[in-house]
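Peer 1: The structure's right below; bear with me while I get my questions together.
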Amino acid sequence: MIVLEINTGDTAWVLISAALVLLMTPSLAFFYGGMVRAKGVLNMMMMSIVTMGIVGVAWVLFGFSEAFGDSWHGLIGNPAQYAGMRGLLDAEFGSDPDHMIPGLVFVGFQSAFAIIAVALVSGAVADRMKFGAWCAFAGAWAVLCYFPAAHWVFAFDGFTSAGARGGWIANTLGAFDFAGGTAIHINAGAAALALVLVLGPRIGFGSRPMRPHNLTLVMLGAVGLWFGWFGFNAGSALSANGTAGLAWVNTLAASCAAMVSWIVVERIRDGHATSLGAASGVVAGLVAITPACATVTPLGSVCIGILAGVGCVFAIGLKYRLGFDDALDVVGVHFVGGLIGTLATGLFCTQELSGVDGLFHGGGLAQLGRQAAGALAVMAYSFVMSLAIALVIKRLIGLRVSSQVELAGMDVDQHAEVGYDLSHIGYSTRSISRTVMVPPDGAGAETADVPARS
């Protein structure tokens, strides 16, 4: 049995945070599933759930190594260095020698980040993308977009071993991204935009109402995301310390401020505040504070939340003006929210917390420029690479289901299941029951054998 010199309190906190972040992907499935029409709810949820399997396997085989292995010119980690978790059983990671955690704990924590980053993209392509094509895209995008971007942003020099080199944004550029505003949200948002441009809009987009079929699921998913996000941000401290506490409070402050500002805009503009708006506002605030949560004060986080709530509520309308069908507002919330948060970090960061004063604290434009350069680099790389992946998959196996399948609903065609089976009016404890089906006019009743539900 391997015995490590570790900080047990920090290890426990990161393990709990990893579980919280992993919970976010099923919560995202509920959030996205409730926002689509009833005939596509299972397909939408499955796109998130299958991502857990695809990315989880890739992460263990080589993804972690690609993200955190010794760097090649700051662009990509050595994918063979930790392949199959080689060399990690007795490894310790941490920025402070007095606060070390086992290497596999860090692997598990970061795996949940990789999974949800890919799953976020799926909301843009609701109701029309082949399930097989999504699986292919998810795997390719993780390898070609997320793992490299995570290396750029999260891999610090010397973190995994003495003398190890890390990514260029974290170490050379010096942009701040504490928990993934660029690597996750801008990255996923740019990919979503590229994918929907190749895929095309849903039938009836802009002319037919496509309302969420179950706002209860949406609210449940939003609360799950909110709960898990505290592990997402505060857990990124990798220690149970004051930085984790600051990130926790800032996460709360920004999400609350964004929710309130979103529904205030709705009330003024539309005459009512909606539950969908409240849920979306929470997510927008969470996205925006993610890069900034350890480098700004709680007052700064409130300001970032307000900017995100107001900015994203107006941004989601751009898809109608510009004609791209971002079905569940991945671009409007995650790309725009991530951009707001990344740039606002350069406005509100303080010397005391980050070592650099932002523009609003007298630090000038230098850090804002670094933030903009990091955001632009991830956005451009992700958009171009995602566009290429989508075009290749479209050429090889096709991206989109037929118009007949789209109109009838994705669930039956893609999964041979339905989200809400209302055809059976009786159940039995026996293996087979006889159910009477009566037409609306009462004539011609017939019986059919159906499986019972015990």
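Residues in the structure tokens are named by chain (A, B, ... in the order shown) and by number from 1 within that chain; ligands are numbered from 1 in the order shown.
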With stretch 27-33 of chain A as the partner and 9 Å as the cut-off, tabulate the residues of stretch 211-250 of chain A that qualify, each row holding the nearest pair of atoms and their distance in Å to one decimal, using only C-alpha atoms, sorted by chain and rising number, as a tab-separated table.
Peer 2:
```
residue	atom	partner	partner_atom	distance
A:Pro212	CA	A:Gly33	CA	8.6
A:His213	CA	A:Gly33	CA	8.6
A:Asn214	CA	A:Gly33	CA	8.1
A:Leu215	CA	A:Phe31	CA	8.6
A:Leu217	CA	A:Phe30	CA	5.5
A:Val218	CA	A:Phe31	CA	4.2
A:Met219	CA	A:Phe31	CA	6.9
A:Leu220	CA	A:Phe30	CA	6.9
A:Gly221	CA	A:Phe31	CA	4.1
A:Ala222	CA	A:Phe31	CA	5.9
A:Val223	CA	A:Ser27	CA	7.9
A:Gly224	CA	A:Ser27	CA	5.1
A:Leu225	CA	A:Ser27	CA	5.7
A:Gly228	CA	A:Ser27	CA	8.7
```
Peer 1: Just to be explicit: take each residue in the selection above, keep N, CA and C atoms, and write the result as a tab-separated table (two decimals), in the first residue's frame.
Peer 2:
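Now in part02.tsv:
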```
chain	number	residue	atom	x	y	z
A	212	PRO	N	-39.83	25.70	-24.00
A	212	PRO	CA	-39.43	24.60	-23.11
A	212	PRO	C	-40.64	23.77	-22.71
A	213	HIS	N	-40.50	22.45	-22.70
A	213	HIS	CA	-41.66	21.61	-22.42
A	213	HIS	C	-41.85	21.36	-20.93
A	214	ASN	N	-40.79	21.58	-20.11
A	214	ASN	CA	-40.90	21.26	-18.70
A	214	ASN	C	-39.99	22.18	-17.90
A	215	LEU	N	-40.55	23.29	-17.46
A	215	LEU	CA	-39.74	24.26	-16.71
A	215	LEU	C	-39.38	23.76	-15.32
A	217	LEU	N	-38.16	20.76	-14.78
A	217	LEU	CA	-36.85	20.16	-15.01
A	217	LEU	C	-35.77	21.22	-15.16
A	218	VAL	N	-36.10	22.31	-15.83
A	218	VAL	CA	-35.14	23.39	-16.01
A	218	VAL	C	-34.69	23.94	-14.65
A	219	MET	N	-35.65	24.20	-13.78
A	219	MET	CA	-35.31	24.74	-12.46
A	219	MET	C	-34.51	23.74	-11.64
A	220	LEU	N	-34.91	22.46	-11.71
A	220	LEU	CA	-34.16	21.42	-11.00
A	220	LEU	C	-32.72	21.37	-11.50
A	221	GLY	N	-32.54	21.42	-12.81
A	221	GLY	CA	-31.19	21.40	-13.37
A	221	GLY	C	-30.39	22.62	-12.98
A	222	ALA	N	-31.03	23.79	-12.97
A	222	ALA	CA	-30.32	25.02	-12.61
A	222	ALA	C	-29.85	24.98	-11.16
A	223	VAL	N	-30.70	24.47	-10.28
A	223	VAL	CA	-30.31	24.37	-8.87
A	223	VAL	C	-29.16	23.38	-8.71
A	224	GLY	N	-29.20	22.26	-9.46
A	224	GLY	CA	-28.10	21.31	-9.41
A	224	GLY	C	-26.79	21.91	-9.91
A	225	LEU	N	-26.87	22.69	-10.99
A	225	LEU	CA	-25.68	23.37	-11.49
A	225	LEU	C	-25.14	24.36	-10.46
A	228	GLY	N	-23.44	22.45	-7.62
A	228	GLY	CA	-22.17	21.88	-8.03
A	228	GLY	C	-21.10	22.91	-8.31
```
Peer 1: From the set A:Ile54, A:Ala327, A:Val412, A:Cys312, which residue has the shortest atom-to-atom contact distance to A:Gly206, counting only C-alpha atoms?
Peer 2: A:Ala327
Peer 1: Excluding same-chain residues fewer than 3 positions from A:Ala175, what lies within 10 Å of it counting only C-alpha atoms, as a PyMOL selection string?
Peer 2: chain A and resi 153+168-172+178+182+291+342-343+345-346+367-375
Peer 1: Next, write the just-selected residues to a file, as a short mmCIF file (atom, residue, chain, number, x, y, z; two decimals), in the first residue's frame, keeping N, CA and C atoms as the atom set.
Peer 2:
```
data_model
loop_
_atom_site.label_atom_id
_atom_site.label_comp_id
_atom_site.auth_asym_id
_atom_site.auth_seq_id
_atom_site.Cartn_x
_atom_site.Cartn_y
_atom_site.Cartn_z
N VAL A 153 -4.29 26.86 -20.10
CA VAL A 153 -4.84 27.69 -19.03
C VAL A 153 -4.53 27.14 -17.63
N TRP A 168 0.97 28.05 -22.25
CA TRP A 168 1.45 29.41 -22.53
C TRP A 168 0.57 30.50 -21.94
N ILE A 169 -0.73 30.29 -21.84
CA ILE A 169 -1.58 31.34 -21.27
C ILE A 169 -1.30 31.50 -19.78
N ALA A 170 -1.18 30.38 -19.07
CA ALA A 170 -0.94 30.44 -17.64
C ALA A 170 0.44 30.98 -17.30
N ASN A 171 1.44 30.64 -18.08
CA ASN A 171 2.82 30.91 -17.68
C ASN A 171 3.51 32.02 -18.46
N THR A 172 3.20 32.17 -19.73
CA THR A 172 3.86 33.20 -20.54
C THR A 172 3.01 34.46 -20.66
N PHE A 178 -9.15 31.43 -13.11
CA PHE A 178 -9.02 30.57 -11.94
C PHE A 178 -9.69 29.22 -12.13
N THR A 182 -12.15 30.78 -19.84
CA THR A 182 -11.69 30.62 -21.22
C THR A 182 -11.69 29.16 -21.64
N PRO A 291 -13.83 32.68 -14.09
CA PRO A 291 -12.42 33.04 -14.22
C PRO A 291 -11.92 34.00 -13.16
N THR A 342 -14.10 36.97 -18.19
CA THR A 342 -12.66 36.99 -18.46
C THR A 342 -12.14 38.42 -18.58
N LEU A 343 -12.88 39.26 -19.31
CA LEU A 343 -12.46 40.66 -19.45
C LEU A 343 -12.64 41.43 -18.15
N THR A 345 -12.28 40.39 -15.24
CA THR A 345 -11.17 40.07 -14.35
C THR A 345 -10.08 41.12 -14.45
N GLY A 346 -9.83 41.60 -15.66
CA GLY A 346 -8.84 42.65 -15.87
C GLY A 346 -9.29 44.01 -15.40
N GLN A 367 -3.36 44.29 -17.62
CA GLN A 367 -3.98 43.01 -17.33
C GLN A 367 -5.22 42.79 -18.19
N LEU A 368 -5.95 43.84 -18.47
CA LEU A 368 -7.10 43.72 -19.36
C LEU A 368 -6.65 43.24 -20.73
N GLY A 369 -5.53 43.73 -21.19
CA GLY A 369 -4.99 43.28 -22.47
C GLY A 369 -4.62 41.81 -22.45
N ARG A 370 -4.04 41.35 -21.36
CA ARG A 370 -3.71 39.93 -21.24
C ARG A 370 -4.97 39.07 -21.25
N GLN A 371 -5.97 39.54 -20.54
CA GLN A 371 -7.24 38.80 -20.50
C GLN A 371 -7.86 38.70 -21.89
N ALA A 372 -7.83 39.81 -22.62
CA ALA A 372 -8.41 39.83 -23.96
C ALA A 372 -7.62 38.91 -24.91
N ALA A 373 -6.31 38.90 -24.78
CA ALA A 373 -5.49 38.05 -25.65
C ALA A 373 -5.78 36.58 -25.39
N GLY A 374 -5.89 36.19 -24.12
CA GLY A 374 -6.21 34.81 -23.79
C GLY A 374 -7.57 34.40 -24.31
N ALA A 375 -8.57 35.27 -24.11
CA ALA A 375 -9.92 34.97 -24.59
C ALA A 375 -9.96 34.84 -26.10
#
```
Peer 1: Measuring atom to atom with only C-alpha atoms, identify which of A:Ala190, A:Ala19, A:Cys256, A:Met24 is nearest to A:Val121.
Peer 2: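 Answer, going by the shortest atom-to-atom distance: A:Ala190.
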Peer 1: For stretch 124-137 of chain A, work out the shell of residues within 6 Å, counting only C-alpha atoms and skipping chain neighbours fewer than 3 positions away, then give it as a VMD selection string.
Peer 2: chain A and resid 140 to 141 192 326 to 328 330 399 to 401 406
Peer 1: Can those selected residues be exported to a file as a PDB file, in the first residue's frame so that it contains C-alpha atoms?
Peer 2:
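Heads up, here's the output in result-v1.pdb:
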```
ATOM      1  CA  ALA A 140     -12.847  14.608 -31.345  1.00  0.00           C
ATOM      2  CA  TRP A 141     -13.530  17.973 -29.722  1.00  0.00           C
ATOM      3  CA  ALA A 192     -21.300  25.732 -30.345  1.00  0.00           C
ATOM      4  CA  ASP A 326     -28.230  28.259 -30.995  1.00  0.00           C
ATOM      5  CA  ALA A 327     -31.120  26.228 -29.618  1.00  0.00           C
ATOM      6  CA  LEU A 328     -30.479  26.505 -25.870  1.00  0.00           C
ATOM      7  CA  VAL A 330     -24.913  28.205 -25.344  1.00  0.00           C
ATOM      8  CA  LEU A 399     -24.515  15.546 -38.988  1.00  0.00           C
ATOM      9  CA  ARG A 400     -28.240  15.987 -39.224  1.00  0.00           C
ATOM     10  CA  VAL A 401     -31.271  13.724 -39.036  1.00  0.00           C
ATOM     11  CA  GLU A 406     -36.860  16.088 -36.806  1.00  0.00           C
TER      12      GLU A 406
END
```
Peer 1: What's the 9 Å shell around A:Gly311, counting only C-alpha atoms, without same-chain residues fewer than 5 positions away, as a count of residues only?
Peer 2: 8
Peer 1: When DSSP works through the backbone of this structure, what residues of stretch 261-401 of chain A end up as alpha helix (DSSP H), shown as number ranges by chain?
Peer 2: A: 261-270, 275-289, 298-315, 318-322, 330, 336-348, 351-354, 366-396
Peer 1: Tell me, as a count of residues only, which residues lie within 12 Å of A:Ser207, counting only C-alpha atoms; anything in the same chain fewer than 5 positions away does not count.
Peer 2: 4
Peer 1: Could you list, as a PyMOL selection string, every residue within 7 Å of stretch 389-392 of chain A, counting only C-alpha atoms and ignoring same-chain residues fewer than 2 positions away?
Peer 2: chain A and resi 137+195+198+385-387+394-396
Peer 1: What does the distance between atom CA of A:Gly309 and atom CA of A:Ala247 come to in Å, to one decimal place?
Peer 2: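 Value for the atom CA of A:Gly309-atom CA of A:Ala247 distance: 19.0 Å.
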Peer 1: Could you check the closest approach to A:Ile115 for each of A:Leu144, A:Gly94, A:Met44, A:Thr25 and tell me which residue wins, using only C-alpha atoms?
Peer 2: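 Comparing A:Leu144, A:Gly94, A:Met44, A:Thr25 against A:Ile115, the winner is A:Thr25.
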Peer 1: Would you mind telling me which residue in A:Val14, A:Ala183, A:Ala279, A:Ala162 lies nearest to A:Ala149 when using only C-alpha atoms?
Peer 2: A:Ala183
Peer 1: Using only C-alpha atoms, can you tell me which of A:Gln414, A:Ser301, A:Thr11, A:Thr350 comes closest to A:Val249?
Peer 2: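 Among the listed residues, the smallest separation from A:Val249 belongs to A:Ser301.
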